[in-house]
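Structure data follow from protein_25.txt (compact mmCIF, N, CA and C atoms):
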```
# COMPACT_ATOMS: atom_id res chain seq x y z
N MET S 1 -6.21 -40.35 6.95
CA MET S 1 -7.06 -39.72 5.97
C MET S 1 -7.14 -40.59 4.71
N ASP S 2 -8.32 -40.74 4.23
CA ASP S 2 -8.50 -41.50 2.99
C ASP S 2 -8.14 -40.66 1.79
N VAL S 3 -7.93 -41.32 0.68
CA VAL S 3 -7.64 -40.63 -0.58
C VAL S 3 -8.85 -39.81 -1.00
N HIS S 4 -10.02 -40.26 -0.69
CA HIS S 4 -11.24 -39.55 -1.08
C HIS S 4 -11.35 -38.19 -0.38
N ASP S 5 -10.76 -38.06 0.79
CA ASP S 5 -10.82 -36.80 1.51
C ASP S 5 -9.98 -35.71 0.85
N TYR S 6 -8.93 -36.09 0.11
CA TYR S 6 -8.08 -35.12 -0.54
C TYR S 6 -8.77 -34.43 -1.71
N LYS S 7 -9.81 -35.01 -2.23
CA LYS S 7 -10.53 -34.40 -3.35
C LYS S 7 -11.19 -33.09 -2.94
N GLU S 8 -11.46 -32.92 -1.68
CA GLU S 8 -12.06 -31.68 -1.20
C GLU S 8 -11.06 -30.53 -1.17
N ILE S 9 -9.77 -30.85 -1.20
CA ILE S 9 -8.73 -29.83 -1.14
C ILE S 9 -8.38 -29.29 -2.52
N TRP S 10 -8.76 -29.95 -3.59
CA TRP S 10 -8.39 -29.55 -4.94
C TRP S 10 -8.74 -28.09 -5.27
N PRO S 11 -9.93 -27.61 -4.96
CA PRO S 11 -10.22 -26.20 -5.29
C PRO S 11 -9.28 -25.22 -4.59
N ILE S 12 -8.95 -25.51 -3.35
CA ILE S 12 -8.03 -24.64 -2.61
C ILE S 12 -6.64 -24.70 -3.22
N LEU S 13 -6.18 -25.89 -3.58
CA LEU S 13 -4.87 -26.03 -4.21
C LEU S 13 -4.82 -25.31 -5.55
N LEU S 14 -5.85 -25.45 -6.35
CA LEU S 14 -5.88 -24.79 -7.66
C LEU S 14 -5.91 -23.28 -7.52
N LEU S 15 -6.68 -22.77 -6.56
CA LEU S 15 -6.69 -21.33 -6.32
C LEU S 15 -5.33 -20.84 -5.84
N GLY S 16 -4.67 -21.61 -5.00
CA GLY S 16 -3.34 -21.25 -4.52
C GLY S 16 -2.32 -21.22 -5.65
N ILE S 17 -2.37 -22.20 -6.52
CA ILE S 17 -1.45 -22.24 -7.66
C ILE S 17 -1.74 -21.09 -8.60
N ALA S 18 -3.02 -20.80 -8.86
CA ALA S 18 -3.38 -19.68 -9.73
C ALA S 18 -2.90 -18.36 -9.13
N PHE S 19 -3.07 -18.18 -7.83
CA PHE S 19 -2.61 -16.96 -7.16
C PHE S 19 -1.10 -16.81 -7.28
N PHE S 20 -0.37 -17.90 -7.10
CA PHE S 20 1.08 -17.89 -7.20
C PHE S 20 1.52 -17.52 -8.61
N VAL S 21 0.90 -18.10 -9.62
CA VAL S 21 1.26 -17.83 -11.02
C VAL S 21 0.98 -16.37 -11.36
N VAL S 22 -0.16 -15.86 -10.94
CA VAL S 22 -0.50 -14.45 -11.22
C VAL S 22 0.47 -13.52 -10.50
N THR S 23 0.83 -13.84 -9.27
CA THR S 23 1.77 -13.01 -8.52
C THR S 23 3.14 -12.98 -9.19
N ILE S 24 3.64 -14.11 -9.61
CA ILE S 24 4.93 -14.17 -10.30
C ILE S 24 4.84 -13.40 -11.62
N GLY S 25 3.72 -13.52 -12.32
CA GLY S 25 3.54 -12.78 -13.58
C GLY S 25 3.54 -11.28 -13.36
N MET S 26 2.88 -10.82 -12.30
CA MET S 26 2.85 -9.38 -12.01
C MET S 26 4.22 -8.87 -11.60
N LEU S 27 4.97 -9.64 -10.83
CA LEU S 27 6.32 -9.24 -10.46
C LEU S 27 7.23 -9.17 -11.69
N TYR S 28 7.10 -10.13 -12.59
CA TYR S 28 7.89 -10.12 -13.82
C TYR S 28 7.55 -8.91 -14.67
N TRP S 29 6.25 -8.62 -14.82
CA TRP S 29 5.81 -7.47 -15.62
C TRP S 29 6.33 -6.16 -15.02
N SER S 30 6.21 -6.01 -13.71
CA SER S 30 6.65 -4.76 -13.09
C SER S 30 8.16 -4.60 -13.17
N ALA S 31 8.91 -5.69 -13.07
CA ALA S 31 10.36 -5.60 -13.22
C ALA S 31 10.74 -5.26 -14.66
N LYS S 32 10.02 -5.84 -15.61
CA LYS S 32 10.30 -5.59 -17.02
C LYS S 32 9.99 -4.13 -17.39
N LYS S 33 8.95 -3.55 -16.82
CA LYS S 33 8.56 -2.17 -17.12
C LYS S 33 9.38 -1.15 -16.32
N GLY S 34 10.19 -1.59 -15.37
CA GLY S 34 11.04 -0.69 -14.61
C GLY S 34 10.40 -0.13 -13.36
N HIS S 35 9.31 -0.68 -12.92
CA HIS S 35 8.63 -0.18 -11.73
C HIS S 35 9.37 -0.52 -10.44
N LEU S 36 10.30 -1.44 -10.49
CA LEU S 36 11.02 -1.84 -9.29
C LEU S 36 12.38 -1.16 -9.18
N ARG S 37 12.63 -0.18 -10.05
CA ARG S 37 13.89 0.56 -10.00
C ARG S 37 13.67 1.90 -9.31
N ASN S 38 14.63 2.33 -8.54
CA ASN S 38 14.67 3.66 -7.95
C ASN S 38 13.39 3.99 -7.19
N PHE S 39 13.18 3.28 -6.09
CA PHE S 39 11.98 3.46 -5.28
C PHE S 39 11.86 4.88 -4.73
N ASP S 40 12.97 5.51 -4.37
CA ASP S 40 12.92 6.84 -3.76
C ASP S 40 12.35 7.87 -4.72
N ALA S 41 12.78 7.83 -5.97
CA ALA S 41 12.28 8.80 -6.95
C ALA S 41 10.80 8.57 -7.23
N GLN S 42 10.39 7.32 -7.30
CA GLN S 42 8.99 7.02 -7.58
C GLN S 42 8.11 7.37 -6.39
N ALA S 43 8.65 7.29 -5.18
CA ALA S 43 7.87 7.63 -3.99
C ALA S 43 7.60 9.13 -3.93
N ASN S 44 8.45 9.93 -4.51
CA ASN S 44 8.29 11.39 -4.47
C ASN S 44 7.42 11.93 -5.59
N THR S 45 6.95 11.11 -6.50
CA THR S 45 6.14 11.60 -7.61
C THR S 45 4.78 12.10 -7.16
N ILE S 46 4.32 11.73 -5.99
CA ILE S 46 3.00 12.17 -5.53
C ILE S 46 3.04 13.57 -4.94
N PHE S 47 4.23 14.11 -4.69
CA PHE S 47 4.35 15.44 -4.10
C PHE S 47 4.44 16.49 -5.21
N THR S 48 3.83 17.65 -4.97
CA THR S 48 3.86 18.76 -5.92
C THR S 48 4.31 20.02 -5.18
N GLU S 49 4.32 21.15 -5.90
CA GLU S 49 4.68 22.41 -5.26
C GLU S 49 3.60 22.84 -4.27
N GLU S 50 2.34 22.46 -4.54
CA GLU S 50 1.25 22.81 -3.63
C GLU S 50 1.31 22.00 -2.34
N GLU S 51 1.76 20.76 -2.45
CA GLU S 51 1.88 19.90 -1.28
C GLU S 51 3.30 19.31 -1.27
N PRO S 52 4.27 20.08 -0.76
CA PRO S 52 5.66 19.60 -0.78
C PRO S 52 5.89 18.48 0.21
N GLU S 53 6.97 17.78 -0.02
CA GLU S 53 7.34 16.65 0.83
C GLU S 53 7.74 17.15 2.22
N GLY S 54 7.24 16.48 3.23
CA GLY S 54 7.62 16.78 4.60
C GLY S 54 6.78 17.84 5.29
N GLU S 55 5.82 18.42 4.60
CA GLU S 55 4.96 19.43 5.22
C GLU S 55 3.55 18.88 5.36
N VAL S 56 2.96 19.02 6.54
CA VAL S 56 1.61 18.55 6.77
C VAL S 56 0.64 19.56 6.16
N SER S 57 -0.20 19.08 5.25
CA SER S 57 -1.15 19.98 4.59
C SER S 57 -2.60 19.58 4.85
N ASP S 58 -2.82 18.39 5.38
CA ASP S 58 -4.17 17.92 5.65
C ASP S 58 -4.30 17.61 7.14
N THR S 59 -5.34 18.17 7.75
CA THR S 59 -5.63 17.87 9.15
C THR S 59 -7.12 17.73 9.33
N PHE S 60 -7.51 17.13 10.41
CA PHE S 60 -8.91 17.03 10.74
C PHE S 60 -9.37 18.33 11.40
N PRO S 61 -10.62 18.73 11.20
CA PRO S 61 -11.09 19.97 11.82
C PRO S 61 -10.95 19.97 13.33
N GLU S 62 -11.17 18.85 13.99
CA GLU S 62 -11.07 18.80 15.44
C GLU S 62 -9.64 19.06 15.88
N SER S 63 -8.68 18.58 15.13
CA SER S 63 -7.30 18.76 15.56
C SER S 63 -6.89 20.23 15.43
N ARG S 64 -7.45 20.96 14.48
CA ARG S 64 -7.16 22.38 14.37
C ARG S 64 -7.72 23.13 15.58
N LYS S 65 -8.94 22.79 15.97
CA LYS S 65 -9.55 23.43 17.13
C LYS S 65 -8.75 23.14 18.39
N LEU S 66 -8.31 21.90 18.54
CA LEU S 66 -7.54 21.54 19.72
C LEU S 66 -6.21 22.26 19.74
N SER S 67 -5.55 22.36 18.58
CA SER S 67 -4.25 23.02 18.57
C SER S 67 -4.41 24.51 18.86
N ARG S 68 -5.50 25.13 18.41
CA ARG S 68 -5.74 26.56 18.70
C ARG S 68 -6.03 26.75 20.19
N SER S 69 -6.83 25.85 20.76
CA SER S 69 -7.15 26.00 22.17
C SER S 69 -5.91 25.77 23.04
N ARG S 70 -5.03 24.91 22.60
CA ARG S 70 -3.79 24.68 23.36
C ARG S 70 -2.90 25.91 23.29
N LYS S 71 -2.88 26.58 22.13
CA LYS S 71 -2.06 27.79 22.00
C LYS S 71 -2.58 28.89 22.91
N THR S 72 -3.90 29.05 22.96
CA THR S 72 -4.46 30.11 23.81
C THR S 72 -4.29 29.78 25.29
N ASN S 73 -4.32 28.52 25.65
CA ASN S 73 -4.15 28.13 27.06
C ASN S 73 -2.68 28.29 27.49
N ASN S 74 -1.76 28.07 26.55
CA ASN S 74 -0.35 28.18 26.89
C ASN S 74 0.10 29.65 26.99
N GLU S 75 -0.60 30.55 26.36
CA GLU S 75 -0.20 31.95 26.37
C GLU S 75 -0.63 32.67 27.57
```
Serialized structure, structure tokens:
Amino acid sequence: MDVHDYKEIWPILLLGIAFFVVTIGMLYWSAKKGHLRNFDAQANTIFTEEEPEGEVSDTFPESRKLSRSRKTNNE
């Protein structure tokens, strides 16, 4: 490969370096703000009393019909 061929790679290299720098900056910011501490507690913040953890509250309409038809067929 000639040296002239490497000039075509510069945009890809610069984008890769920029992506790396931004990623390291975001990791530093999130660690500094405490977002990387106590993953279990932060994972549970999306649950409320209306939708408690471990209970299925959303289903597709077809799956409800299928589960009802299975109950009637089993009885």
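Relative to atom CA of S:Ala41, atom CA of S:Thr59 is found at 25.7 Å.
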Could you jot down the atom CA of S:Glu55 to atom C of S:Arg37 separation for me, Å, one decimal place?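 Between these atoms lies a distance of 24.4 Å.
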Which residues in stretch 4-54 of chain S does DSSP call helix (DSSP H, G or I)? List them as JSON, numbers by chain. {"S": [4, 5, 6, 7, 8, 9, 10, 11, 12, 13, 14, 15, 16, 17, 18, 19, 20, 21, 22, 23, 24, 25, 26, 27, 28, 29, 30, 31, 32, 33, 39, 40, 41, 42, 43, 44, 45, 46]}
How many Å lie between atom N of S:Glu53 and atom C of S:Asp40, rounded to one decimal?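 Computed distance, atom N of S:Glu53 to atom C of S:Asp40, equals 12.2 Å.
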